[in-house]
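See structure below.
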Amino acid sequence: MSILKKALSLILCAAMLTCAFTSCLNTPSGLLVDTTVKNLQGDVGPSSTIAISDDGYWVINGTKTAYKAVGENGKDGKDGITPTITINADGFWVINGTVSQYRAVGQDGTSPTVEISNDGYWVLNGTKSAHKATASNGKDGANGITPQLQISPQTNEWEVSYDEGKTWKSLGVKASATSNGATIEKVEFNEKGQLVITMTNGQAFVADLPAGEAHVHTYGERMDFRGNELLPCDQRIYFHVCSTCNEMKWVYGKSSDHSFDETYEYDTENHWQVCANCSQATTIPEAHTVDENGACTVCGHSGGKLPVFQMDLKSREIRICACGPTQDIYVDAPTDAISRAIWERTISTEERLNTIIVVDYLGGTSGNYNETIQQIKNNIEVGMTSWDLISCYSNVTQSLTIGSYFRNLCENEYFVSDADYWSQSLVQNLTVNSRLFSVTGDISRDYMDQASVIFFNPELADIYQLENLYETVLNGEWTLEKMNELAANIYTDSNSNGTVDIGDRFGLLLNTATRMDFFTAAGLSLISNDASLIEPNAKFLDFHAELLELFNSAASFSLSSTSDLTDQFTNGNALFLNHRLGNAVELNKAGAAFGILPLPKYDLEQTEYRTQSNFSQLWSIPLSVDSADASALALTSLAYDSNKLVISPHREQLLGNNQENTSQREEILNLIYNSIYINMDTVYATDLTLFNFYRQIITNKLSPTVWWAQNVGILQSALEMILTPYTD
């Protein structure tokens with residue numbers, strides 16, 4: 001070990017301290033560096049000396065110890081031991097933690113320290129000075145300042161010598177306690193490079209020291225410190241090493257280290273660039289600059305903040321006909337985070353367009369859908385009420401679409417079909433011949449709430465020592481086969497009645513209304529992208545057989561009551577629960593711990609997850625509207641504000657505050673939301689009698705091939721009727 005790596009401690013004794021400390025350390029070139037405290041007089045304890053023997057061992061008061069002080073051959077000292085030398089509370093020397101028999105400190109003594117830094121400068125009490133202790137060339141030490149300290153027997157004051165003891169200069173500090181008991185409190189350098197000795201009574205003495213030798217470091221290239229890859233470029237830590245003395249200089253990265261991609265990322269309002277080096281820093285987001293087609297001229301995004309938002313409707317009313325949960329469309333006064341967000345959305349659109357939003361609520365329970373449909377038809381036909389927008393569940397909207405009661409959204413310049421806030425699967429699957437009559441997405445809270453998911457009980461997952469289910473999903477390994485495997489051995493006859501019934505523990509609890517959603521999740525459909533029928537193929541039949549095996553085993557149990565499903569899961573009677581995502585609110589209220597997973601894929605070859613969302617609110621512009629532009633503006637503005645204001649608190653409400661609210665679960669929730677898939681099968685399930693189809697092949701175990709043969713004519717006629725407004 002070179003002298004740059006050794007700490008040479010010099011203990012300055014205060015009043016009534018007696019010691020003589022002499023040490024010589026080998027530098028890489030054999031340089032002897034001498035630090036000596038001579039003729040120290042104290043009132044208590046014998047005179048103690050520390051030296052190094054000819055063969056390189058520490059010697060205390062003439063007694064040779066077993067501790068080696070210098071290395072072999074006087075080269076680099078790597079064989080030597082540089083002990084920790086301190087003074088304990090009783091005033092005795094302590095070497096490497098072992099208390100010696102030699103007293104070092106009087107009763108009033110204090111022990112400031114003097115050390116040599118890695119680059120060869122004197123350090124007093126931890127403060128590096130400007131004074132060299134060793135030569136920069138490591139050969140002769142001629143340029144180093146090696147001070148010696150002694151106590152004058154005539155004045156009892158500390159004296160310092162800078163010429164190897166030839167001459168001595170008083171520091172003006174008494175070595176023994178003063179009459180008032182004052183001793184040395186600290187020794188340090190001030191900003192002028194002077195040695196300052198402060199007494200315990202507050203008195204300070206200043207001594208000038210010779211100027212130190214200047215040394216110009218020659219630093220090498222910048223080198224990475226570990227962990228830099230996790231930090232932004234301008235927060236990374238680097239170091240340089242001096243080629244002469246090996247001193248390290250630490251530096252931070254600079255903002256100029258960032259290298260921003262030429263491509264842009266964006267949201268509905270702004271665009272920005274991301275650093276290619278760290279992927280964490282971004283340029284300052286800038287607002288989209290759009291052309292006459294609504295596309296940003298910088299990043300190309302077409303769903304940004306459009307200039308049409310500035311259109312003044314001159315306090316015109318926008319009347320919305322709603323059937324379903326009207327609180328998702330309009331609230332008079334906020335009562336919680338969600339209602340406040342919806343209320344703010346309404347206010348924002350009203351202020352942006354200078355309009356007033358009015359909602360006419362027509363109800364919408366399962367018992368009065370037909371009545372609601374007829375009422376809307378009548379109003380549109382005779383113009384009793386001038387509605388600008390209609391928002392209804394899909395099974396109401398599709399009936400009105402078939403009757404040609406809605407305008408084609410694609411014809412309106414203020415409707416941006418590829419904007420982020422619209423469901424792109426619906427836009428793509430329900431746009432036929434450049435005609436689209438209904439839309440949903442962020443504007444409908446039901447779009448997320450109606451998503452079919454799998455909840456899991458984390459406590460049971462721990463008990464049965466299951467793998468990390470979030471990672472299983474994120475790794476693309478969450479398949480029907482995997483879910484079957486995990487659920488298979490969970491069943492327990494908890495109520496001990498010998499019957500598979502409510503109260504037992506199951507691997508999977510099923511909602512009878514969502515069982516058909518597994519087919520959508522597996523990428524299976526009965527209507528193609530070109531709006532033609534698809535006969536159940538081998539893949540469909542294999543999946544159906546595997547699904548029946550699970551549904552009809554003791555591993556699963558089906559219930560139609562939402563409250564029963566919630567109670568059974570909350571009471572720990574199921575590992576998995578298939579239910580609507582919106583049911584997370586009830587689970588949170590019940591204090592249940594739960595995780596959220598998407599429905600499983602068909603197999604490992606399926607590249608993406610798909611999430612079915614049934615009966616979500618669809619929005620349309622009625623034929624009878626007097627200003628389709630005003631309607632489209634309001635529709636676009638509400639959807640835009642929903643994306644900015646409603647989505648975040650809605651997700652927070654679903655996640656809740658239980659112990660499973662982890663970053664991985666948030667990532668899964670984003671995956672589910674982005675994988676919501678709406679197609680013809682979803683929207684027109686009632687008219688295509690698909691609910692009957694899935695009920696027959698699941699509940700009654702009818703062969704899909706048999707059902708298809710019996711009903712394909714009915715399906716074809718229904719599809720032709722559905723496509724009428726798209727083809728006329």
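Quick note on naming: the chains in the structure tokens go A, B, ... in the order shown, residues restart at 1 in each chain, and ligands are numbered from 1 in order of appearance.
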
Tell me, counting only C-alpha atoms, for each residue of stretch 491-576 of chain A within 12 Å of stretch 667-685 of chain A, which pair of atoms is nearest and how far apart they are in Å to one decimal, in rows ordered by chain and increasing number, as JSON lines.
{"residue": "A:Thr514", "atom": "CA", "partner": "A:Thr682", "partner_atom": "CA", "distance": 11.8}
{"residue": "A:Met516", "atom": "CA", "partner": "A:Thr682", "partner_atom": "CA", "distance": 10.2}
{"residue": "A:Asp517", "atom": "CA", "partner": "A:Thr682", "partner_atom": "CA", "distance": 9.3}
{"residue": "A:Phe519", "atom": "CA", "partner": "A:Asp681", "partner_atom": "CA", "distance": 10.7}
{"residue": "A:Thr520", "atom": "CA", "partner": "A:Tyr677", "partner_atom": "CA", "distance": 7.9}
{"residue": "A:Ala521", "atom": "CA", "partner": "A:Tyr677", "partner_atom": "CA", "distance": 8.5}
{"residue": "A:Ala522", "atom": "CA", "partner": "A:Tyr677", "partner_atom": "CA", "distance": 11.3}
{"residue": "A:Gly523", "atom": "CA", "partner": "A:Tyr677", "partner_atom": "CA", "distance": 9.6}
{"residue": "A:Leu524", "atom": "CA", "partner": "A:Asp681", "partner_atom": "CA", "distance": 10.0}
{"residue": "A:Ser525", "atom": "CA", "partner": "A:Asp681", "partner_atom": "CA", "distance": 6.9}
{"residue": "A:Leu526", "atom": "CA", "partner": "A:Asp681", "partner_atom": "CA", "distance": 6.8}
{"residue": "A:Ile527", "atom": "CA", "partner": "A:Asp681", "partner_atom": "CA", "distance": 6.5}
{"residue": "A:Ser528", "atom": "CA", "partner": "A:Met680", "partner_atom": "CA", "distance": 8.5}
{"residue": "A:Asn529", "atom": "CA", "partner": "A:Asn679", "partner_atom": "CA", "distance": 8.6}
{"residue": "A:Asp530", "atom": "CA", "partner": "A:Met680", "partner_atom": "CA", "distance": 10.3}
{"residue": "A:Ala531", "atom": "CA", "partner": "A:Met680", "partner_atom": "CA", "distance": 7.8}
{"residue": "A:Ser532", "atom": "CA", "partner": "A:Met680", "partner_atom": "CA", "distance": 10.1}
{"residue": "A:Leu533", "atom": "CA", "partner": "A:Asp681", "partner_atom": "CA", "distance": 10.2}
{"residue": "A:Ile534", "atom": "CA", "partner": "A:Asp681", "partner_atom": "CA", "distance": 11.1}

inquiry  = So that I can check the surroundings of A:Val706, please list as JSON, numbers by chain every protein, DNA and RNA residue that reaches within 12 Å of it, counting only C-alpha atoms and ignoring chain neighbours fewer than 2 positions away.
reply    = {"A": [535, 536, 541, 693, 696, 697, 701, 702, 703, 704, 708, 709, 710, 711, 712]}

Dump N, CA, C and O atoms for the selected residues as a PDB file, in the first residue's frame?
ATOM      1  N   GLU A 535     -67.639 -19.536 -39.698  1.00  0.00           N
ATOM      2  CA  GLU A 535     -68.087 -20.780 -39.083  1.00  0.00           C
ATOM      3  C   GLU A 535     -67.062 -21.234 -38.042  1.00  0.00           C
ATOM      4  O   GLU A 535     -65.857 -21.109 -38.251  1.00  0.00           O
ATOM      5  N   PRO A 536     -67.516 -21.758 -36.891  1.00  0.00           N
ATOM      6  CA  PRO A 536     -66.580 -22.248 -35.874  1.00  0.00           C
ATOM      7  C   PRO A 536     -65.583 -23.238 -36.478  1.00  0.00           C
ATOM      8  O   PRO A 536     -65.982 -24.257 -37.052  1.00  0.00           O
ATOM      9  N   LEU A 541     -63.375 -24.974 -31.810  1.00  0.00           N
ATOM     10  CA  LEU A 541     -63.875 -26.198 -31.181  1.00  0.00           C
ATOM     11  C   LEU A 541     -62.931 -26.693 -30.087  1.00  0.00           C
ATOM     12  O   LEU A 541     -63.380 -27.158 -29.025  1.00  0.00           O
ATOM     13  N   PHE A 693     -76.473 -18.363 -28.535  1.00  0.00           N
ATOM     14  CA  PHE A 693     -75.451 -19.293 -29.013  1.00  0.00           C
ATOM     15  C   PHE A 693     -74.509 -19.710 -27.884  1.00  0.00           C
ATOM     16  O   PHE A 693     -74.279 -20.909 -27.643  1.00  0.00           O
ATOM     17  N   GLN A 696     -76.134 -21.792 -25.186  1.00  0.00           N
ATOM     18  CA  GLN A 696     -76.379 -23.168 -25.608  1.00  0.00           C
ATOM     19  C   GLN A 696     -75.091 -24.003 -25.570  1.00  0.00           C
ATOM     20  O   GLN A 696     -75.090 -25.141 -25.117  1.00  0.00           O
ATOM     21  N   ILE A 697     -73.995 -23.435 -26.047  1.00  0.00           N
ATOM     22  CA  ILE A 697     -72.780 -24.250 -26.134  1.00  0.00           C
ATOM     23  C   ILE A 697     -72.039 -24.343 -24.796  1.00  0.00           C
ATOM     24  O   ILE A 697     -71.210 -25.238 -24.609  1.00  0.00           O
ATOM     25  N   LYS A 701     -74.102 -27.305 -23.169  1.00  0.00           N
ATOM     26  CA  LYS A 701     -73.037 -28.142 -23.723  1.00  0.00           C
ATOM     27  C   LYS A 701     -73.336 -28.622 -25.149  1.00  0.00           C
ATOM     28  O   LYS A 701     -72.925 -29.707 -25.559  1.00  0.00           O
ATOM     29  N   LEU A 702     -74.058 -27.787 -25.880  1.00  0.00           N
ATOM     30  CA  LEU A 702     -74.377 -28.129 -27.260  1.00  0.00           C
ATOM     31  C   LEU A 702     -73.137 -27.934 -28.127  1.00  0.00           C
ATOM     32  O   LEU A 702     -72.364 -26.997 -27.933  1.00  0.00           O
ATOM     33  N   SER A 703     -72.956 -28.793 -29.077  1.00  0.00           N
ATOM     34  CA  SER A 703     -71.816 -28.672 -29.984  1.00  0.00           C
ATOM     35  C   SER A 703     -71.948 -27.399 -30.802  1.00  0.00           C
ATOM     36  O   SER A 703     -73.013 -27.137 -31.394  1.00  0.00           O
ATOM     37  N   PRO A 704     -70.912 -26.556 -30.887  1.00  0.00           N
ATOM     38  CA  PRO A 704     -70.972 -25.347 -31.711  1.00  0.00           C
ATOM     39  C   PRO A 704     -71.291 -25.663 -33.168  1.00  0.00           C
ATOM     40  O   PRO A 704     -72.012 -24.906 -33.832  1.00  0.00           O
ATOM     41  N   TRP A 708     -74.521 -24.222 -35.111  1.00  0.00           N
ATOM     42  CA  TRP A 708     -74.281 -23.449 -36.319  1.00  0.00           C
ATOM     43  C   TRP A 708     -75.097 -23.984 -37.491  1.00  0.00           C
ATOM     44  O   TRP A 708     -75.712 -23.211 -38.229  1.00  0.00           O
ATOM     45  N   ALA A 709     -75.121 -25.265 -37.644  1.00  0.00           N
ATOM     46  CA  ALA A 709     -75.875 -25.879 -38.744  1.00  0.00           C
ATOM     47  C   ALA A 709     -77.358 -25.560 -38.629  1.00  0.00           C
ATOM     48  O   ALA A 709     -78.055 -25.362 -39.631  1.00  0.00           O
ATOM     49  N   GLN A 710     -77.837 -25.491 -37.396  1.00  0.00           N
ATOM     50  CA  GLN A 710     -79.259 -25.238 -37.175  1.00  0.00           C
ATOM     51  C   GLN A 710     -79.621 -23.762 -37.327  1.00  0.00           C
ATOM     52  O   GLN A 710     -80.783 -23.438 -37.627  1.00  0.00           O
ATOM     53  N   ASN A 711     -78.676 -22.860 -37.142  1.00  0.00           N
ATOM     54  CA  ASN A 711     -79.012 -21.437 -37.040  1.00  0.00           C
ATOM     55  C   ASN A 711     -78.269 -20.532 -38.025  1.00  0.00           C
ATOM     56  O   ASN A 711     -78.446 -19.315 -37.975  1.00  0.00           O
ATOM     57  N   VAL A 712     -77.462 -21.087 -38.916  1.00  0.00           N
ATOM     58  CA  VAL A 712     -76.676 -20.247 -39.794  1.00  0.00           C
ATOM     59  C   VAL A 712     -77.553 -19.377 -40.688  1.00  0.00           C
ATOM     60  O   VAL A 712     -77.206 -18.222 -40.998  1.00  0.00           O
TER      61      VAL A 712
END

query = Tell me, which residues of stretch 195-355 of chain A carry DSSP strand (DSSP E or B), written as an NGL selection string?
reply = :A and (195-199 or 204-207 or 219 or 223-224 or 237-242 or 248-252 or 260 or 265-266 or 270-272 or 274-275 or 282 or 286-287 or 290 or 296 or 316-322 or 355)

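Using only C-alpha atoms, the smallest distance between any of A:Arg665, A:His579, A:Arg515, A:Arg316 and A:Thr699 comes from A:Arg515.
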
Non-local contacts of A:Thr492 (8 Å; only C-alpha atoms; under 3 positions in same chain excluded) as a PDB file with N, CA, C and O atoms, in the first residue's frame:
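Full text of around-v9.pdb as output:
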ATOM      1  N   ASP A 504     -68.235 -23.441  -0.411  1.00  0.00           N
ATOM      2  CA  ASP A 504     -67.014 -24.202  -0.656  1.00  0.00           C
ATOM      3  C   ASP A 504     -65.953 -23.267  -1.248  1.00  0.00           C
ATOM      4  O   ASP A 504     -66.256 -22.156  -1.691  1.00  0.00           O
ATOM      5  N   ARG A 505     -64.730 -23.731  -1.267  1.00  0.00           N
ATOM      6  CA  ARG A 505     -63.644 -22.956  -1.867  1.00  0.00           C
ATOM      7  C   ARG A 505     -63.359 -23.487  -3.269  1.00  0.00           C
ATOM      8  O   ARG A 505     -63.180 -24.687  -3.454  1.00  0.00           O
ATOM      9  N   PHE A 506     -63.316 -22.563  -4.250  1.00  0.00           N
ATOM     10  CA  PHE A 506     -63.133 -22.940  -5.650  1.00  0.00           C
ATOM     11  C   PHE A 506     -61.880 -22.286  -6.236  1.00  0.00           C
ATOM     12  O   PHE A 506     -61.414 -21.247  -5.757  1.00  0.00           O
TER      13      PHE A 506
END

task = Give the helix (DSSP H, G or I) residues of stretch 467-716 of chain A, as assigned by DSSP on the backbone, as a PyMOL selection string.
result = chain A and resi 469-474+480-487+517-521+538-551+562-570+581-589+628-645+647-655+663-674+680-683+690-698+704-716

Find the residues of stretch 390-439 of chain A that sit at most 10 Å from stretch 325-345 of chain A; for each, write down the nearest two atoms and how far apart they are in Å, to one decimal. Count only C-alpha atoms. Sort by chain, then by number going up, and give it as JSON lines.
{"residue": "A:Ser391", "atom": "CA", "partner": "A:Ile329", "partner_atom": "CA", "distance": 8.5}
{"residue": "A:Cys392", "atom": "CA", "partner": "A:Pro325", "partner_atom": "CA", "distance": 8.9}
{"residue": "A:Tyr393", "atom": "CA", "partner": "A:Pro325", "partner_atom": "CA", "distance": 9.2}

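Closest approach to A:Ala545 among A:Glu481, A:Thr297, A:Thr372, A:Thr472: A:Glu481, based on only C-alpha atoms.
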
Using only C-alpha atoms, which protein or nucleic acid residues come within 10 Å of stretch 640-654 of chain A? Drop anything in the same chain fewer than 6 positions from it, and give the result as an mmCIF file with N, CA and C atoms, in the first residue's frame.
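Output contents, as saved in around_29.cif:
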data_model
loop_
_atom_site.group_PDB
_atom_site.id
_atom_site.type_symbol
_atom_site.label_atom_id
_atom_site.label_comp_id
_atom_site.auth_asym_id
_atom_site.auth_seq_id
_atom_site.Cartn_x
_atom_site.Cartn_y
_atom_site.Cartn_z
ATOM 1 N N ASP A 267 -49.238 12.938 -26.636
ATOM 2 C CA ASP A 267 -50.545 12.624 -26.076
ATOM 3 C C ASP A 267 -51.553 13.444 -26.878
ATOM 4 N N THR A 268 -52.725 13.608 -26.324
ATOM 5 C CA THR A 268 -53.759 14.304 -27.091
ATOM 6 C C THR A 268 -53.516 15.802 -27.196
ATOM 7 N N GLU A 269 -52.582 16.341 -26.396
ATOM 8 C CA GLU A 269 -52.397 17.789 -26.377
ATOM 9 C C GLU A 269 -51.004 18.239 -26.823
ATOM 10 N N GLY A 303 -54.800 13.383 -33.089
ATOM 11 C CA GLY A 303 -55.770 13.455 -31.995
ATOM 12 C C GLY A 303 -55.433 14.533 -31.000
ATOM 13 N N GLY A 304 -54.683 15.529 -31.427
ATOM 14 C CA GLY A 304 -54.246 16.551 -30.493
ATOM 15 C C GLY A 304 -55.299 17.617 -30.244
ATOM 16 N N LYS A 305 -54.857 18.696 -29.618
ATOM 17 C CA LYS A 305 -55.757 19.804 -29.311
ATOM 18 C C LYS A 305 -56.057 20.557 -30.605
ATOM 19 N N ASP A 336 -67.719 13.163 -5.006
ATOM 20 C CA ASP A 336 -66.484 12.406 -4.827
ATOM 21 C C ASP A 336 -65.553 12.732 -5.990
ATOM 22 N N ALA A 337 -64.402 12.050 -6.046
ATOM 23 C CA ALA A 337 -63.396 12.366 -7.063
ATOM 24 C C ALA A 337 -63.917 12.137 -8.470
ATOM 25 N N ILE A 338 -64.701 11.053 -8.654
ATOM 26 C CA ILE A 338 -65.205 10.746 -9.995
ATOM 27 C C ILE A 338 -66.248 11.767 -10.433
ATOM 28 N N SER A 339 -67.218 12.040 -9.569
ATOM 29 C CA SER A 339 -68.260 13.000 -9.950
ATOM 30 C C SER A 339 -67.666 14.398 -10.140
ATOM 31 N N ARG A 340 -66.632 14.726 -9.361
ATOM 32 C CA ARG A 340 -65.984 16.020 -9.553
ATOM 33 C C ARG A 340 -65.314 16.081 -10.927
ATOM 34 N N ALA A 341 -64.680 14.974 -11.332
ATOM 35 C CA ALA A 341 -64.018 14.941 -12.631
ATOM 36 C C ALA A 341 -65.033 15.090 -13.764
ATOM 37 N N ILE A 342 -66.184 14.419 -13.643
ATOM 38 C CA ILE A 342 -67.224 14.521 -14.672
ATOM 39 C C ILE A 342 -67.806 15.934 -14.694
ATOM 40 N N TRP A 343 -67.979 16.508 -13.524
ATOM 41 C CA TRP A 343 -68.482 17.878 -13.423
ATOM 42 C C TRP A 343 -67.497 18.852 -14.065
ATOM 43 N N GLU A 344 -66.205 18.675 -13.800
ATOM 44 C CA GLU A 344 -65.183 19.541 -14.397
ATOM 45 C C GLU A 344 -65.123 19.349 -15.912
ATOM 46 N N ARG A 345 -65.339 18.108 -16.357
ATOM 47 C CA ARG A 345 -65.369 17.848 -17.793
ATOM 48 C C ARG A 345 -66.477 18.654 -18.466
ATOM 49 N N THR A 346 -67.659 18.666 -17.850
ATOM 50 C CA THR A 346 -68.790 19.402 -18.406
ATOM 51 C C THR A 346 -68.489 20.893 -18.460
ATOM 52 N N ILE A 347 -67.945 21.420 -17.348
ATOM 53 C CA ILE A 347 -67.626 22.845 -17.289
ATOM 54 C C ILE A 347 -66.583 23.211 -18.339
ATOM 55 N N SER A 348 -65.584 22.359 -18.499
ATOM 56 C CA SER A 348 -64.520 22.637 -19.463
ATOM 57 C C SER A 348 -65.058 22.728 -20.882
ATOM 58 N N THR A 349 -65.921 21.781 -21.250
ATOM 59 C CA THR A 349 -66.495 21.794 -22.600
ATOM 60 C C THR A 349 -67.411 22.999 -22.784
ATOM 61 N N ALA A 419 -58.347 9.444 -32.999
ATOM 62 C CA ALA A 419 -57.887 10.090 -31.768
ATOM 63 C C ALA A 419 -57.731 9.065 -30.654
ATOM 64 N N ASP A 420 -56.797 9.327 -29.751
ATOM 65 C CA ASP A 420 -56.493 8.377 -28.683
ATOM 66 C C ASP A 420 -57.679 8.100 -27.767
ATOM 67 N N TYR A 421 -58.566 9.057 -27.635
ATOM 68 C CA TYR A 421 -59.657 8.896 -26.664
ATOM 69 C C TYR A 421 -60.812 8.047 -27.183
ATOM 70 N N TRP A 422 -60.761 7.589 -28.417
ATOM 71 C CA TRP A 422 -61.777 6.674 -28.939
ATOM 72 C C TRP A 422 -61.267 5.246 -28.927
ATOM 73 N N GLY A 441 -65.295 5.056 -25.772
ATOM 74 C CA GLY A 441 -63.896 5.158 -25.357
ATOM 75 C C GLY A 441 -63.822 5.862 -24.018
ATOM 76 N N ASP A 442 -62.886 6.800 -23.879
ATOM 77 C CA ASP A 442 -62.711 7.499 -22.605
ATOM 78 C C ASP A 442 -63.958 8.256 -22.174
ATOM 79 N N ILE A 443 -64.788 8.629 -23.121
ATOM 80 C CA ILE A 443 -65.982 9.406 -22.810
ATOM 81 C C ILE A 443 -66.984 8.619 -21.973
ATOM 82 N N SER A 444 -66.895 7.272 -22.016
ATOM 83 C CA SER A 444 -67.843 6.418 -21.286
ATOM 84 C C SER A 444 -67.123 5.708 -20.148
ATOM 85 N N ARG A 445 -67.549 5.988 -18.936
ATOM 86 C CA ARG A 445 -66.931 5.304 -17.803
ATOM 87 C C ARG A 445 -67.211 3.812 -17.857
ATOM 88 N N MET A 448 -64.648 1.152 -19.324
ATOM 89 C CA MET A 448 -63.704 0.465 -18.458
ATOM 90 C C MET A 448 -64.434 -0.447 -17.465
ATOM 91 N N ASP A 449 -65.520 0.037 -16.898
ATOM 92 C CA ASP A 449 -66.225 -0.734 -15.864
ATOM 93 C C ASP A 449 -66.764 -2.061 -16.386
ATOM 94 N N LEU A 581 -64.787 -5.370 -14.424
ATOM 95 C CA LEU A 581 -63.761 -4.588 -13.750
ATOM 96 C C LEU A 581 -64.362 -3.596 -12.764
ATOM 97 N N GLY A 582 -65.536 -3.062 -13.088
ATOM 98 C CA GLY A 582 -66.188 -2.114 -12.190
ATOM 99 C C GLY A 582 -66.515 -2.694 -10.832
ATOM 100 N N ASN A 583 -66.555 -4.023 -10.727
ATOM 101 C CA ASN A 583 -66.846 -4.647 -9.442
ATOM 102 C C ASN A 583 -65.707 -4.448 -8.444
ATOM 103 N N ALA A 584 -64.560 -3.962 -8.919
ATOM 104 C CA ALA A 584 -63.448 -3.662 -8.014
ATOM 105 C C ALA A 584 -63.858 -2.653 -6.951
ATOM 106 N N VAL A 585 -64.785 -1.756 -7.300
ATOM 107 C CA VAL A 585 -65.257 -0.765 -6.330
ATOM 108 C C VAL A 585 -65.915 -1.456 -5.144
ATOM 109 N N GLU A 586 -66.756 -2.480 -5.415
ATOM 110 C CA GLU A 586 -67.421 -3.213 -4.339
ATOM 111 C C GLU A 586 -66.410 -4.020 -3.526
ATOM 112 N N LEU A 587 -65.413 -4.584 -4.181
ATOM 113 C CA LEU A 587 -64.389 -5.335 -3.452
ATOM 114 C C LEU A 587 -63.598 -4.413 -2.537
ATOM 115 N N ASN A 588 -63.335 -3.202 -3.005
ATOM 116 C CA ASN A 588 -62.634 -2.235 -2.163
ATOM 117 C C ASN A 588 -63.473 -1.849 -0.953
ATOM 118 N N ILE A 596 -55.631 -7.943 -10.087
ATOM 119 C CA ILE A 596 -56.422 -7.887 -11.313
ATOM 120 C C ILE A 596 -55.597 -8.454 -12.465
ATOM 121 N N ALA A 634 -69.136 19.048 -29.686
ATOM 122 C CA ALA A 634 -69.408 18.712 -28.286
ATOM 123 C C ALA A 634 -68.942 17.297 -27.971
ATOM 124 N N ASN A 661 -52.116 -2.928 -4.094
ATOM 125 C CA ASN A 661 -52.025 -1.757 -4.981
ATOM 126 C C ASN A 661 -50.562 -1.494 -5.315
ATOM 127 N N GLU A 666 -50.871 -1.674 -11.418
ATOM 128 C CA GLU A 666 -51.191 -0.529 -12.259
ATOM 129 C C GLU A 666 -50.808 -0.814 -13.708
ATOM 130 N N LEU A 669 -53.426 -3.007 -15.126
ATOM 131 C CA LEU A 669 -54.649 -2.257 -15.406
ATOM 132 C C LEU A 669 -54.520 -1.484 -16.708
ATOM 133 N N ASN A 670 -53.361 -0.918 -16.951
ATOM 134 C CA ASN A 670 -53.129 -0.235 -18.229
ATOM 135 C C ASN A 670 -53.202 -1.218 -19.388
ATOM 136 N N TYR A 673 -56.865 -1.996 -20.016
ATOM 137 C CA TYR A 673 -57.575 -0.885 -20.648
ATOM 138 C C TYR A 673 -57.206 -0.760 -22.124
#
